[in-house]
Amino acid sequence: MTLRAVVEGIGHYLPERIVPNAEFEKTLDTSDEWIRTRSGIERRRFAAEGQSTSDLAVNAARAALAHAGLSPQDIDGIVVATSTPDLTFPSVATMVQKELGMAHGFGFDVQAVCAGFIYAMTTANALILTGQARRLLIIGAETFSRIMDWTDRSTCVLFGDGAGAMILGAQDGTGETSDRGILSSDLNSDGRYREMLYVDGGVSTTGNAGKLRMQGNPLFRQAVEKLTSTAETALEKIGLSGPDVDWIVPHQANIRIIQGTAKKMGLPMDRVIVTVQDHGNTSAASIPLALSVGVEQGKIKPGDLLVTEAIGGGLAWGSVVLRW
């Protein structure tokens, strides 16, 4: 028998405030058509004043628990992927732990920007396979609206706020690719590309949070190449390839990146979960949000083979192959 980390529940939460592209026309030299054409984004959600990343995370966690029919007492630990924590420390995970009423287990954060949920899933998988936990709550949550430069039309129109949560539980499998659960993963980073996407502030440099800075065109070229490569590598590890995949669930940054990656993998867009039009780029929350929406819409079904892949600042990128 082979131990697998199997998805037992999924859920998400989006702030109430919907921000259509037209809202940016009031303050920037931009238009709804310009934003849609270049990114595929039509609207996004922004957190309310006083609403923190942990608030979003807690709501997503409760949705995932309800979907799984579990209580917080059934969870051994919490892993939160975020680049926009409430505070420098303690972790968002411990704040979620407190709000869920968990006085047991552990919680910690993972920071790999937009690739954060891939890193969190891979970490959770390792904890389960090595016997450190039997059931983990993994959350991607962001309030990127708090680090936007509202005068920079090339970045501030792209990002949104939200949270998605997944519950992974230990289950026995056969060791074959027909098993449910995480089958393989691939993680990468290269600090030489730091200037392509970063925030120009920090505790030990400027002493303030800073604003997001991005080199769009160079990042686009890196994204398509690296996302395709990591997805193919993860599939090759288990002897599979693009035609075996039922759904690509990509990081929702830009529709052109999503289309380019699917084309390189030889998969049609009707086998790709796309939510970028409604959420914008929610960084580490992007993949769990897309997974939750895909399940909610009846697209992702038990037994489906999924490839999730993401790239973010660092650069950091990676993929996870799992059977739902």
# chains A, B, ... in the order shown; residues from 1 in each chain; ligands from 1
call {"tool": "residues_around", "arguments": {"residues": "region 207-214 of chain A", "least_positions_apart": "3", "cutoff": "10 Å", "atoms": "only C-alpha atoms", "output": "tab-separated table (two decimals) with N, CA and C atoms, in the first residue's frame"}}
result
chain	number	residue	atom	x	y	z
A	84	THR	N	0.77	38.62	1.87
A	84	THR	CA	0.17	39.82	2.46
A	84	THR	C	-0.41	39.48	3.84
A	88	THR	N	3.71	41.33	10.52
A	88	THR	CA	5.00	40.69	10.22
A	88	THR	C	5.06	39.33	10.90
A	144	PHE	N	-3.98	41.75	-1.85
A	144	PHE	CA	-3.01	42.48	-2.67
A	144	PHE	C	-3.42	43.92	-2.91
A	145	SER	N	-4.69	44.24	-2.68
A	145	SER	CA	-5.13	45.63	-2.84
A	145	SER	C	-4.39	46.56	-1.86
A	146	ARG	N	-3.80	45.99	-0.81
A	146	ARG	CA	-3.10	46.79	0.19
A	146	ARG	C	-1.67	47.15	-0.23
A	147	ILE	N	-1.16	46.54	-1.31
A	147	ILE	CA	0.21	46.84	-1.73
A	147	ILE	C	0.26	47.34	-3.17
A	148	MET	N	-0.86	47.88	-3.66
A	148	MET	CA	-0.91	48.41	-5.02
A	148	MET	C	-0.47	49.87	-5.08
A	149	ASP	N	0.20	50.21	-6.16
A	149	ASP	CA	0.47	51.61	-6.50
A	149	ASP	C	-0.66	52.03	-7.43
A	150	TRP	N	-1.59	52.83	-6.92
A	150	TRP	CA	-2.79	53.17	-7.66
A	150	TRP	C	-2.55	54.15	-8.81
A	152	ASP	N	-0.07	53.34	-11.03
A	152	ASP	CA	0.58	52.49	-12.03
A	152	ASP	C	-0.46	51.62	-12.72
A	154	SER	N	-0.25	49.67	-15.14
A	154	SER	CA	0.21	48.37	-15.62
A	154	SER	C	0.11	47.28	-14.56
A	155	THR	N	-0.04	47.68	-13.29
A	155	THR	CA	-0.12	46.67	-12.23
A	155	THR	C	-1.41	46.72	-11.43
A	156	CYS	N	-1.90	47.91	-11.08
A	156	CYS	CA	-3.00	47.98	-10.11
A	156	CYS	C	-4.31	47.42	-10.64
A	194	ARG	N	14.66	38.45	-9.76
A	194	ARG	CA	13.95	39.19	-8.72
A	194	ARG	C	13.31	40.47	-9.22
A	195	GLU	N	14.01	41.21	-10.06
A	195	GLU	CA	13.52	42.53	-10.49
A	195	GLU	C	12.26	42.46	-11.34
A	196	MET	N	11.91	41.28	-11.84
A	196	MET	CA	10.71	41.17	-12.68
A	196	MET	C	9.43	41.35	-11.89
A	197	LEU	N	9.46	40.96	-10.60
A	197	LEU	CA	8.25	41.07	-9.79
A	197	LEU	C	8.65	41.10	-8.32
A	198	TYR	N	8.43	42.24	-7.68
A	198	TYR	CA	8.83	42.38	-6.28
A	198	TYR	C	8.04	43.52	-5.63
A	199	VAL	N	8.17	43.63	-4.32
A	199	VAL	CA	7.59	44.74	-3.57
A	199	VAL	C	8.75	45.56	-3.00
A	200	ASP	N	8.69	46.87	-3.21
A	200	ASP	CA	9.84	47.73	-2.90
A	200	ASP	C	9.86	48.22	-1.44
A	201	GLY	N	9.54	47.33	-0.51
A	201	GLY	CA	9.59	47.68	0.90
A	201	GLY	C	9.79	46.45	1.74
A	202	GLY	N	10.10	46.64	3.02
A	202	GLY	CA	10.29	45.50	3.91
A	202	GLY	C	10.84	45.92	5.25
A	203	VAL	N	10.73	45.03	6.22
A	203	VAL	CA	11.13	45.32	7.59
A	203	VAL	C	12.59	45.74	7.69
A	204	SER	N	13.48	45.01	7.01
A	204	SER	CA	14.91	45.26	7.18
A	204	SER	C	15.50	46.21	6.14
A	217	ASN	N	6.32	42.47	-19.66
A	217	ASN	CA	6.67	41.72	-20.86
A	217	ASN	C	7.72	40.63	-20.60
A	218	PRO	N	8.83	40.94	-19.92
A	218	PRO	CA	9.79	39.87	-19.62
A	218	PRO	C	9.18	38.76	-18.76
A	219	LEU	N	8.32	39.14	-17.82
A	219	LEU	CA	7.69	38.15	-16.95
A	219	LEU	C	6.77	37.24	-17.75
A	313	GLY	N	6.76	35.94	-7.90
A	313	GLY	CA	8.00	36.63	-7.59
A	313	GLY	C	9.04	35.71	-7.00
call {"tool": "residues_around", "arguments": {"residues": "Val113 (chain A)", "least_positions_apart": "5", "cutoff": "9 Å", "atoms": "only C-alpha atoms", "output": "list in words"}}
result
Ala81, Thr82, Ser83, Thr84, Ser283, Ala284, Ile311, Gly312, Gly313, Gly314, Leu315 and Ala316 of chain A
call {"tool": "residues_around", "arguments": {"residues": "Leu158 (chain A)", "least_positions_apart": "3", "cutoff": "9 Å", "atoms": "only C-alpha atoms", "output": "compact mmCIF listing (two decimals) with N, CA and C atoms, in the first residue's frame"}}
result
# COMPACT_ATOMS: atom_id res chain seq x y z
N ILE A 35 -7.87 46.76 -20.52
CA ILE A 35 -7.60 45.78 -19.48
C ILE A 35 -8.00 44.37 -19.93
N SER A 39 -5.28 41.32 -20.41
CA SER A 39 -5.23 40.40 -19.27
C SER A 39 -6.38 39.40 -19.21
N ILE A 41 -9.06 40.15 -17.68
CA ILE A 41 -9.75 40.49 -16.44
C ILE A 41 -10.91 41.45 -16.71
N ARG A 44 -12.73 42.30 -10.28
CA ARG A 44 -12.02 41.67 -9.19
C ARG A 44 -12.69 42.07 -7.89
N ARG A 153 -0.89 52.04 -13.90
CA ARG A 153 -1.96 51.33 -14.59
C ARG A 153 -1.55 49.94 -15.06
N SER A 154 -0.25 49.67 -15.14
CA SER A 154 0.21 48.37 -15.62
C SER A 154 0.11 47.28 -14.56
N THR A 155 -0.04 47.68 -13.29
CA THR A 155 -0.12 46.67 -12.23
C THR A 155 -1.41 46.72 -11.43
N ALA A 253 -3.34 34.59 -13.63
CA ALA A 253 -2.67 35.89 -13.70
C ALA A 253 -3.07 36.66 -14.95
N ASN A 254 -3.14 35.95 -16.08
CA ASN A 254 -3.33 36.61 -17.37
C ASN A 254 -3.85 35.56 -18.35
N GLY A 280 -9.40 38.40 -11.15
CA GLY A 280 -8.08 38.99 -11.34
C GLY A 280 -7.02 38.06 -10.78
N ASN A 281 -5.84 38.59 -10.55
CA ASN A 281 -4.74 37.81 -9.99
C ASN A 281 -4.81 37.90 -8.47
N THR A 282 -5.15 36.80 -7.83
CA THR A 282 -5.24 36.77 -6.36
C THR A 282 -4.03 36.07 -5.74
call {"tool": "residues_around", "arguments": {"residues": "Gln277 (chain A)", "least_positions_apart": "4", "cutoff": "7 Å", "atoms": "only C-alpha atoms", "output": "PyMOL selection string"}}
result
chain A and resi 40-43
call {"tool": "write_last_selection", "arguments": {"atoms": "C-alpha atoms", "output": "short mmCIF file (atom, residue, chain, number, x, y, z; two decimals), in the first residue's frame"}}
result
data_model
loop_
_atom_site.label_atom_id
_atom_site.label_comp_id
_atom_site.auth_asym_id
_atom_site.auth_seq_id
_atom_site.Cartn_x
_atom_site.Cartn_y
_atom_site.Cartn_z
CA GLY A 40 -8.69 38.88 -19.73
CA ILE A 41 -9.75 40.49 -16.44
CA GLU A 42 -13.24 42.01 -16.26
CA ARG A 43 -13.64 42.50 -12.51
#
call {"tool": "select_by_dssp", "arguments": {"residues": "region 168-234 of chain A", "states": "strand (DSSP E or B)", "output": "list of chain:residue names"}}
result
A:Leu168, A:Gly169, A:Ala170, A:Gln171, A:Asp172, A:Gly173, A:Gly181, A:Ile182, A:Leu183, A:Ser184, A:Ser185, A:Asp186, A:Leu187, A:Asn188, A:Ser189, A:Leu197, A:Tyr198, A:Val199, A:Leu212, A:Arg213, A:Met214
call {"tool": "write_last_selection", "arguments": {"atoms": "C-alpha atoms", "output": "PDB file, in the first residue's frame"}}
result
ATOM      1  CA  LEU A 168      -5.787  17.048   2.583  1.00  0.00           C
ATOM      2  CA  GLY A 169      -6.142  13.757   4.434  1.00  0.00           C
ATOM      3  CA  ALA A 170      -4.029  10.600   4.573  1.00  0.00           C
ATOM      4  CA  GLN A 171      -5.515   7.656   2.698  1.00  0.00           C
ATOM      5  CA  ASP A 172      -4.072   4.369   1.469  1.00  0.00           C
ATOM      6  CA  GLY A 173      -3.551   3.930  -2.248  1.00  0.00           C
ATOM      7  CA  GLY A 181      -4.594  12.381  -4.143  1.00  0.00           C
ATOM      8  CA  ILE A 182      -1.305  14.117  -4.898  1.00  0.00           C
ATOM      9  CA  LEU A 183       0.710  12.009  -7.336  1.00  0.00           C
ATOM     10  CA  SER A 184       3.724  14.243  -7.989  1.00  0.00           C
ATOM     11  CA  SER A 185       5.060  17.773  -7.678  1.00  0.00           C
ATOM     12  CA  ASP A 186       7.846  19.970  -9.030  1.00  0.00           C
ATOM     13  CA  LEU A 187       9.255  23.081  -7.325  1.00  0.00           C
ATOM     14  CA  ASN A 188      11.683  25.654  -8.732  1.00  0.00           C
ATOM     15  CA  SER A 189      13.062  29.121  -8.060  1.00  0.00           C
ATOM     16  CA  LEU A 197       8.248  41.074  -9.785  1.00  0.00           C
ATOM     17  CA  TYR A 198       8.828  42.385  -6.277  1.00  0.00           C
ATOM     18  CA  VAL A 199       7.593  44.741  -3.565  1.00  0.00           C
ATOM     19  CA  LEU A 212       4.281  45.984  -6.000  1.00  0.00           C
ATOM     20  CA  ARG A 213       6.589  46.484  -9.008  1.00  0.00           C
ATOM     21  CA  MET A 214       6.498  44.359 -12.152  1.00  0.00           C
TER      22      MET A 214
END
call {"tool": "residues_around", "arguments": {"residues": "Ile248 (chain A)", "least_positions_apart": "6", "cutoff": "7 Å", "atoms": "only C-alpha atoms", "output": "PDB file with N, CA and C atoms, in the first residue's frame"}}
result
ATOM      1  N   ARG A 271     -10.504  22.447 -21.531  1.00  0.00           N
ATOM      2  CA  ARG A 271     -10.011  21.589 -20.453  1.00  0.00           C
ATOM      3  C   ARG A 271      -9.157  22.390 -19.471  1.00  0.00           C
ATOM      4  N   VAL A 272      -9.408  23.699 -19.448  1.00  0.00           N
ATOM      5  CA  VAL A 272      -8.691  24.597 -18.539  1.00  0.00           C
ATOM      6  C   VAL A 272      -9.717  25.330 -17.669  1.00  0.00           C
ATOM      7  N   ILE A 273      -9.501  25.339 -16.363  1.00  0.00           N
ATOM      8  CA  ILE A 273     -10.368  26.103 -15.459  1.00  0.00           C
ATOM      9  C   ILE A 273      -9.899  27.551 -15.493  1.00  0.00           C
ATOM     10  N   LEU A 306      -5.774  16.223 -12.510  1.00  0.00           N
ATOM     11  CA  LEU A 306      -5.568  17.672 -12.566  1.00  0.00           C
ATOM     12  C   LEU A 306      -4.083  18.009 -12.541  1.00  0.00           C
ATOM     13  N   VAL A 307      -3.726  19.055 -13.272  1.00  0.00           N
ATOM     14  CA  VAL A 307      -2.404  19.665 -13.149  1.00  0.00           C
ATOM     15  C   VAL A 307      -2.605  21.107 -12.704  1.00  0.00           C
ATOM     16  N   THR A 308      -2.014  21.463 -11.576  1.00  0.00           N
ATOM     17  CA  THR A 308      -2.033  22.846 -11.113  1.00  0.00           C
ATOM     18  C   THR A 308      -0.625  23.398 -11.234  1.00  0.00           C
TER      19      THR A 308
END
call {"tool": "atom_distance", "arguments": {"atom1": "CA of Gly11 (chain A)", "atom2": "CA of Gln51 (chain A)"}}
result
18.8 Å
call {"tool": "residues_around", "arguments": {"residues": "Arg134 (chain A)", "least_positions_apart": "6", "cutoff": "12 Å", "atoms": "only C-alpha atoms", "output": "PyMOL selection string"}}
result
chain A and resi 3-6+8+74-78+105+124-128+167-172
call {"tool": "write_last_selection", "arguments": {"atoms": "N, CA and C atoms", "output": "PDB file, in the first residue's frame"}}
result
ATOM      1  N   LEU A   3       0.815   5.429   0.839  1.00  0.00           N
ATOM      2  CA  LEU A   3       0.061   6.510   1.472  1.00  0.00           C
ATOM      3  C   LEU A   3      -0.080   7.676   0.508  1.00  0.00           C
ATOM      4  N   ARG A   4      -1.259   8.234   0.429  1.00  0.00           N
ATOM      5  CA  ARG A   4      -1.538   9.399  -0.427  1.00  0.00           C
ATOM      6  C   ARG A   4      -2.184  10.516   0.391  1.00  0.00           C
ATOM      7  N   ALA A   5      -1.912  11.759   0.005  1.00  0.00           N
ATOM      8  CA  ALA A   5      -2.597  12.923   0.563  1.00  0.00           C
ATOM      9  C   ALA A   5      -3.747  13.262  -0.379  1.00  0.00           C
ATOM     10  N   VAL A   6      -4.961  12.981   0.076  1.00  0.00           N
ATOM     11  CA  VAL A   6      -6.154  13.065  -0.771  1.00  0.00           C
ATOM     12  C   VAL A   6      -6.990  14.287  -0.397  1.00  0.00           C
ATOM     13  N   GLU A   8     -10.021  16.148   0.614  1.00  0.00           N
ATOM     14  CA  GLU A   8     -11.272  15.789   1.290  1.00  0.00           C
ATOM     15  C   GLU A   8     -12.287  16.927   1.286  1.00  0.00           C
ATOM     16  N   ASP A  74     -10.945  18.012  13.793  1.00  0.00           N
ATOM     17  CA  ASP A  74     -10.460  16.924  12.941  1.00  0.00           C
ATOM     18  C   ASP A  74      -9.150  17.274  12.237  1.00  0.00           C
ATOM     19  N   ILE A  75      -8.708  18.524  12.380  1.00  0.00           N
ATOM     20  CA  ILE A  75      -7.529  19.023  11.669  1.00  0.00           C
ATOM     21  C   ILE A  75      -6.293  18.956  12.564  1.00  0.00           C
ATOM     22  N   ASP A  76      -5.191  18.454  12.017  1.00  0.00           N
ATOM     23  CA  ASP A  76      -3.941  18.360  12.774  1.00  0.00           C
ATOM     24  C   ASP A  76      -3.075  19.611  12.651  1.00  0.00           C
ATOM     25  N   GLY A  77      -3.202  20.332  11.533  1.00  0.00           N
ATOM     26  CA  GLY A  77      -2.368  21.509  11.345  1.00  0.00           C
ATOM     27  C   GLY A  77      -2.876  22.377  10.205  1.00  0.00           C
ATOM     28  N   ILE A  78      -2.384  23.609  10.164  1.00  0.00           N
ATOM     29  CA  ILE A  78      -2.800  24.590   9.158  1.00  0.00           C
ATOM     30  C   ILE A  78      -1.566  25.165   8.474  1.00  0.00           C
ATOM     31  N   GLY A 105      -2.613  21.079  17.704  1.00  0.00           N
ATOM     32  CA  GLY A 105      -1.977  21.066  16.404  1.00  0.00           C
ATOM     33  C   GLY A 105      -1.002  22.205  16.197  1.00  0.00           C
ATOM     34  N   ALA A 124       2.536  20.244   2.613  1.00  0.00           N
ATOM     35  CA  ALA A 124       1.522  19.467   3.322  1.00  0.00           C
ATOM     36  C   ALA A 124       1.584  17.995   2.932  1.00  0.00           C
ATOM     37  N   ASN A 125       1.800  17.741   1.655  1.00  0.00           N
ATOM     38  CA  ASN A 125       1.930  16.372   1.176  1.00  0.00           C
ATOM     39  C   ASN A 125       3.089  15.659   1.877  1.00  0.00           C
ATOM     40  N   ALA A 126       4.226  16.362   1.998  1.00  0.00           N
ATOM     41  CA  ALA A 126       5.392  15.774   2.664  1.00  0.00           C
ATOM     42  C   ALA A 126       5.112  15.492   4.134  1.00  0.00           C
ATOM     43  N   LEU A 127       4.413  16.401   4.810  1.00  0.00           N
ATOM     44  CA  LEU A 127       4.076  16.203   6.216  1.00  0.00           C
ATOM     45  C   LEU A 127       3.179  14.981   6.409  1.00  0.00           C
ATOM     46  N   ILE A 128       2.264  14.791   5.486  1.00  0.00           N
ATOM     47  CA  ILE A 128       1.360  13.641   5.580  1.00  0.00           C
ATOM     48  C   ILE A 128       2.101  12.339   5.271  1.00  0.00           C
ATOM     49  N   ILE A 167      -8.605  20.790   2.169  1.00  0.00           N
ATOM     50  CA  ILE A 167      -8.277  19.845   3.231  1.00  0.00           C
ATOM     51  C   ILE A 167      -7.679  18.609   2.597  1.00  0.00           C
ATOM     52  N   LEU A 168      -6.462  18.257   3.032  1.00  0.00           N
ATOM     53  CA  LEU A 168      -5.787  17.048   2.583  1.00  0.00           C
ATOM     54  C   LEU A 168      -5.761  16.044   3.720  1.00  0.00           C
ATOM     55  N   GLY A 169      -6.142  14.802   3.419  1.00  0.00           N
ATOM     56  CA  GLY A 169      -6.142  13.757   4.434  1.00  0.00           C
ATOM     57  C   GLY A 169      -5.397  12.528   3.970  1.00  0.00           C
ATOM     58  N   ALA A 170      -4.782  11.811   4.887  1.00  0.00           N
ATOM     59  CA  ALA A 170      -4.029  10.600   4.573  1.00  0.00           C
ATOM     60  C   ALA A 170      -4.974   9.454   4.246  1.00  0.00           C
ATOM     61  N   GLN A 171      -4.747   8.836   3.091  1.00  0.00           N
ATOM     62  CA  GLN A 171      -5.515   7.656   2.698  1.00  0.00           C
ATOM     63  C   GLN A 171      -4.587   6.672   2.009  1.00  0.00           C
ATOM     64  N   ASP A 172      -4.880   5.397   2.125  1.00  0.00           N
ATOM     65  CA  ASP A 172      -4.072   4.369   1.469  1.00  0.00           C
ATOM     66  C   ASP A 172      -4.416   4.274  -0.006  1.00  0.00           C
TER      67      ASP A 172
END
call {"tool": "atom_distance", "arguments": {"atom1": "CA of Val79 (chain A)", "atom2": "CA of Val293 (chain A)"}}
result
20.8 Å
call {"tool": "select_by_dssp", "arguments": {"residues": "region 12-61 of chain A", "states": "alpha helix (DSSP H)", "output": "list in words"}}
result
Asp32, Glu33, Trp34, Ile35, Arg36, Thr37, Arg38, Ser39, Thr53, Ser54, Asp55, Leu56, Ala57, Val58, Asn59, Ala60 and Ala61 of chain A
call {"tool": "atom_distance", "arguments": {"atom1": "CA of Gln97 (chain A)", "atom2": "CA of Pro72 (chain A)"}}
result
8.5 Å
call {"tool": "closest_residue", "arguments": {"among": "A:Ala47, A:Leu305, A:Val58, A:Leu235", "to": "Asp179 (chain A)", "atoms": "only C-alpha atoms"}}
result
A:Leu305
call {"tool": "closest_residue", "arguments": {"among": "A:Thr206, A:Trp324, A:Asp278, A:Leu137", "to": "Leu70 (chain A)", "atoms": "only C-alpha atoms"}}
result
A:Leu137
call {"tool": "closest_residue", "arguments": {"among": "A:Thr27, A:Arg135, A:Asp32, A:Thr177", "to": "Ser71 (chain A)", "atoms": "only C-alpha atoms"}}
result
A:Arg135
call {"tool": "closest_residue", "arguments": {"among": "A:Ser31, A:Thr143, A:Thr94, A:Ser241", "to": "Phe46 (chain A)", "atoms": "only C-alpha atoms"}}
result
A:Thr143
call {"tool": "residues_around", "arguments": {"residues": "Ala61 (chain A)", "least_positions_apart": "4", "cutoff": "12 Å", "atoms": "only C-alpha atoms", "output": "ChimeraX atom specification"}}
result
/A:9-13,54-57,65-68,70-72,75,78-80,93,95-97,99-100,136-141,163-167,288-289,292
call {"tool": "closest_residue", "arguments": {"among": "A:Ala223, A:Met265, A:Ala234, A:Val274", "to": "Ala115 (chain A)", "atoms": "only C-alpha atoms"}}
result
A:Ala223
